[in-house]
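Asker: Provided herewith is a single structure, encoded as structure tokens, for subsequent inquiry.
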Protein chains: 4
Amino acid sequence: MQQKEGGYMIILDYKDARPIYEQIVEKFKLLILKGILQKDEQMPSVRSLAVELAINPNTIQKAYMELERQGYIYTIKGRGNFVAENENLLDERREELKMRMFILYKEGKELGMTKADFIDGLREIKE
Amino acid sequence: MQQKEGGYMIILDYKDARPIYEQIVEKFKLLILKGILQKDEQMPSVRSLAVELAINPNTIQKAYMELERQGYIYTIKGRGNFVAENENLLDERREELKMRMFILYKEGKELGMTKADFIDGLREIKE
Amino acid sequence: MQQKEGGYMIILDYKDARPIYEQIVEKFKLLILKGILQKDEQMPSVRSLAVELAINPNTIQKAYMELERQGYIYTIKGRGNFVAENENLLDERREELKMRMFILYKEGKELGMTKADFIDGLREIKE
Amino acid sequence: MQQKEGGYMIILDYKDARPIYEQIVEKFKLLILKGILQKDEQMPSVRSLAVELAINPNTIQKAYMELERQGYIYTIKGRGNFVAENENLLDERREELKMRMFILYKEGKELGMTKADFIDGLREIKE
DNA sequence: GTGGTCTAGACCACA
DNA sequence: GTGGTCTAGACCACG
């Protein structure tokens, strides 16, 4: 498949303040959670992705290490990196989002905003 | 007031990953928005605050610069730093919060969450 | 016996961090020590096992080399690999286990644990 | 204190198969758990330790990152690394040791060893 | 001064 | 071919 061989799914934003490896981690997490990368599918090799993104292999290495640590991929030495099970991960991620919204809400409360203000804000979103 | 001169309102959390100057900025922004520090009131001097928090004066300097840049305080050379008007700031801040909630919502939508999920999440908050 | 020729006794766990050849060594050591593979019985050929496990023959070769080095099998050129005597091996293995327990105990002692703690830990095991 | 300034507490074993950064992590974990390094005490700086051990700063960096990830230290950018609270860590570590002994026991059971064999083995330890 | 990120290039074990 | 570790050296943000 062209789409999975050629110049594909990861795009770096050098204006972004976050480190490159973190952007890569984030992008792959989404690809996995959305099911675009499926269970046991092979990740691009460290070296090939490094060439493709025109960055150092160490940077990819670091990103993959982080992804493995967070349970998104697993590594087989000499073979490559592969997508892990993602059942629980999706739920965890949703919980995390709710938690972040809670923090946002607390911030707002300090500034005199109410629950209703937030709910209205959400309702106003059209798209 | 003693309370505003002596050992007061800013508490640093060194375990926090954010840089110290950023924590200071954040704390002062809240104090100003909540009206605890009022318009034209003098900010603690760079030196005194540095001593009080036992940190480098450069760090305070950087925090004040940032506060000035964001319009929370104004500087009079040779006199000190003073709290600026905060009417518009509060509204801006609320808008910013709504924007951040919108971003959160977009993230959630990518993971299959709906507006209702978020609204439910908000409603569930007791405190 | 079919069971010893066809799809049999070795199952690989790719999620396991250990290299594949090491897993194979470990599995065969157990099969031999438990007497499931008996003295002078022929081991599956390198090629057939490689096909069966769908891995590189080099990996099987490496595993067999290691098994021979540790005295679990012997090789006859042009004929194949065969299970070695296992009398002493079982005792050696038990000694090795005791040694590893001793190391574990030393680690624990450094952290303030006593012999009694370990013995209690063992006693608590139900199954 | 000489002991804490000069050539001190970490000794590398180049014959050890484990990577250097892992040895460093292990050594510091012990120093912290044993209370030799106390809460909020400053760790040697990345660069100074690199010089002292005659290895690359990146290697120390990696070790410290791992220690932080496991909760043994915390980092303040621009200031240094500091020893974290270690209350829970000690208990966790003891639990981990018991778990490892349980695994050892299961291995032994497969080879016909009994609980009694292990307990006897422990009792025989003199030192 | 401190830690954090990144590059370029090397060597090793594993398959 | 794969990933994992390490070195040497650079640049940045923070204090």
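Residues are referred to by chain and number: the chain letter is A, B, ... according to the order shown in the structure tokens, the number counts from 1 in that chain, and ligands are numbered separately from 1 in the order shown.
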For a quick check: superposing chain C on chain A using all C-alpha atoms in order, what RMSD comes out?
Answerer: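 Answer to one decimal place: 0.5 Å.
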Asker: Pick out each residue of chain A that DSSP on the backbone tags as helix (DSSP H, G or I); I need them as number ranges by chain.
Answerer: A: 2-5, 20-33, 46-53, 57-69, 87-110, 115-124
Asker: Please report, as a compact mmCIF listing (two decimals) with N, CA and C atoms, in the first residue's frame, each residue of chain C to which DSSP assigns strand (DSSP E or B) when run on this structure's backbone.
Answerer:
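Output saved as out.txt:
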```
# COMPACT_ATOMS: atom_id res chain seq x y z
N GLN C 42 15.78 -37.91 19.89
CA GLN C 42 16.21 -36.90 18.92
C GLN C 42 15.42 -35.59 19.08
N ILE C 73 21.96 -31.11 25.57
CA ILE C 73 21.86 -31.94 24.36
C ILE C 73 23.27 -32.17 23.80
N TYR C 74 23.39 -33.14 22.90
CA TYR C 74 24.66 -33.33 22.20
C TYR C 74 24.36 -33.43 20.72
N THR C 75 25.35 -33.05 19.92
CA THR C 75 25.16 -32.98 18.48
C THR C 75 25.97 -34.07 17.78
N ILE C 76 25.35 -34.75 16.82
CA ILE C 76 26.12 -35.63 15.95
C ILE C 76 26.01 -35.06 14.55
N GLY C 80 21.98 -35.07 13.65
CA GLY C 80 21.00 -34.24 14.36
C GLY C 80 21.41 -33.98 15.81
N ASN C 81 20.47 -33.48 16.58
CA ASN C 81 20.72 -33.17 17.99
C ASN C 81 19.94 -34.13 18.88
N PHE C 82 20.56 -34.54 19.98
CA PHE C 82 19.95 -35.54 20.86
C PHE C 82 20.03 -35.12 22.31
N VAL C 83 19.03 -35.57 23.07
CA VAL C 83 18.97 -35.23 24.49
C VAL C 83 20.08 -35.94 25.25
```
Asker: Report as a PyMOL selection string the set of chain D residues whose atoms approach chain C to within 12 Å, with distances computed over only C-alpha atoms.
Answerer: chain D and resi 26+29-36+89-127
Asker: Do you have, as JSON lines, the list of residues of chain A lying at most 8 Å from chain E, each with its nearest atom pair and that distance in Å to one decimal, counting only C-alpha atoms (C1' of nucleotides) and ordered by chain then number?
Answerer:
```
{"residue": "A:Pro19", "atom": "CA", "partner": "E:DT5", "partner_atom": "C1'", "distance": 6.9}
{"residue": "A:Asn56", "atom": "CA", "partner": "E:DT7", "partner_atom": "C1'", "distance": 6.2}
{"residue": "A:Thr59", "atom": "CA", "partner": "E:DC6", "partner_atom": "C1'", "distance": 7.3}
{"residue": "A:Lys77", "atom": "CA", "partner": "E:DC14", "partner_atom": "C1'", "distance": 6.0}
{"residue": "A:Gly78", "atom": "CA", "partner": "E:DC14", "partner_atom": "C1'", "distance": 4.7}
{"residue": "A:Arg79", "atom": "CA", "partner": "E:DA15", "partner_atom": "C1'", "distance": 6.7}
```
Asker: To one decimal place, how far is atom CA of A:Pro57 from atom CA of D:Tyr72 in Å?
Answerer: 28.9 Å
Asker: Near chain F, which residues of chain B fall within 12 Å when you count only C-alpha atoms (C1' of nucleotides), and what do they look like as a PyMOL selection string?
Answerer: chain B and resi 17-22+50+54-63
Asker: Please produce a file of the residues just selected, as a compact mmCIF listing (two decimals), in the first residue's frame, where the atoms kept are N, CA and C atoms.
Answerer:
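For reference, selection_4.txt as written:
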```
# COMPACT_ATOMS: atom_id res chain seq x y z
N ALA B 17 6.38 20.29 37.71
CA ALA B 17 7.31 20.23 36.59
C ALA B 17 7.50 21.60 35.94
N ARG B 18 6.51 22.49 36.07
CA ARG B 18 6.60 23.78 35.40
C ARG B 18 7.72 24.63 35.99
N PRO B 19 8.33 25.48 35.16
CA PRO B 19 9.38 26.35 35.67
C PRO B 19 8.83 27.29 36.74
N ILE B 20 9.69 27.69 37.64
CA ILE B 20 9.29 28.50 38.78
C ILE B 20 8.67 29.82 38.35
N TYR B 21 9.31 30.48 37.37
CA TYR B 21 8.80 31.80 36.96
C TYR B 21 7.36 31.70 36.46
N GLU B 22 7.06 30.55 35.83
CA GLU B 22 5.72 30.36 35.30
C GLU B 22 4.71 30.20 36.44
N ALA B 50 12.31 38.01 45.96
CA ALA B 50 13.36 37.02 45.74
C ALA B 50 13.88 36.48 47.07
N ALA B 54 13.28 32.82 48.48
CA ALA B 54 14.60 32.18 48.45
C ALA B 54 14.96 31.70 47.05
N ILE B 55 14.69 32.54 46.08
CA ILE B 55 15.09 32.19 44.72
C ILE B 55 15.82 33.35 44.08
N ASN B 56 16.31 33.11 42.90
CA ASN B 56 17.12 34.09 42.18
C ASN B 56 16.27 35.28 41.72
N PRO B 57 16.74 36.53 41.96
CA PRO B 57 16.00 37.71 41.50
C PRO B 57 15.69 37.68 40.01
N ASN B 58 16.59 37.09 39.23
CA ASN B 58 16.32 36.99 37.79
C ASN B 58 14.98 36.31 37.52
N THR B 59 14.68 35.32 38.36
CA THR B 59 13.46 34.55 38.16
C THR B 59 12.23 35.43 38.38
N ILE B 60 12.29 36.26 39.43
CA ILE B 60 11.18 37.20 39.68
C ILE B 60 11.08 38.18 38.53
N GLN B 61 12.23 38.69 38.15
CA GLN B 61 12.28 39.65 37.05
C GLN B 61 11.58 39.10 35.82
N LYS B 62 11.90 37.85 35.51
CA LYS B 62 11.31 37.22 34.33
C LYS B 62 9.79 37.09 34.48
N ALA B 63 9.36 36.74 35.68
CA ALA B 63 7.92 36.61 35.93
C ALA B 63 7.23 37.95 35.73
```
Asker: Go ahead and compute the interatomic distance for atom CA of C:Leu49 and atom CA of A:Ser45, in Å to one decimal.
Answerer: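 That distance, rounded to one decimal, is 27.3 Å.
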Asker: Between atom CA of A:Leu37 and atom CA of C:Glu52, what is the distance in Å, rounded to a tenth?
Answerer: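 Those two atoms sit 27.9 Å apart.
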Asker: What lies within 10 Å of C:Leu12 using only C-alpha atoms (C1' of nucleotides), ignoring chain neighbours under 4 positions off, as a list in words?
Answerer: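 Here the qualifying residues turn out to be Asp16, Ile20, Tyr21, Gln23, Ile24, Lys27 and Leu53 of chain C.
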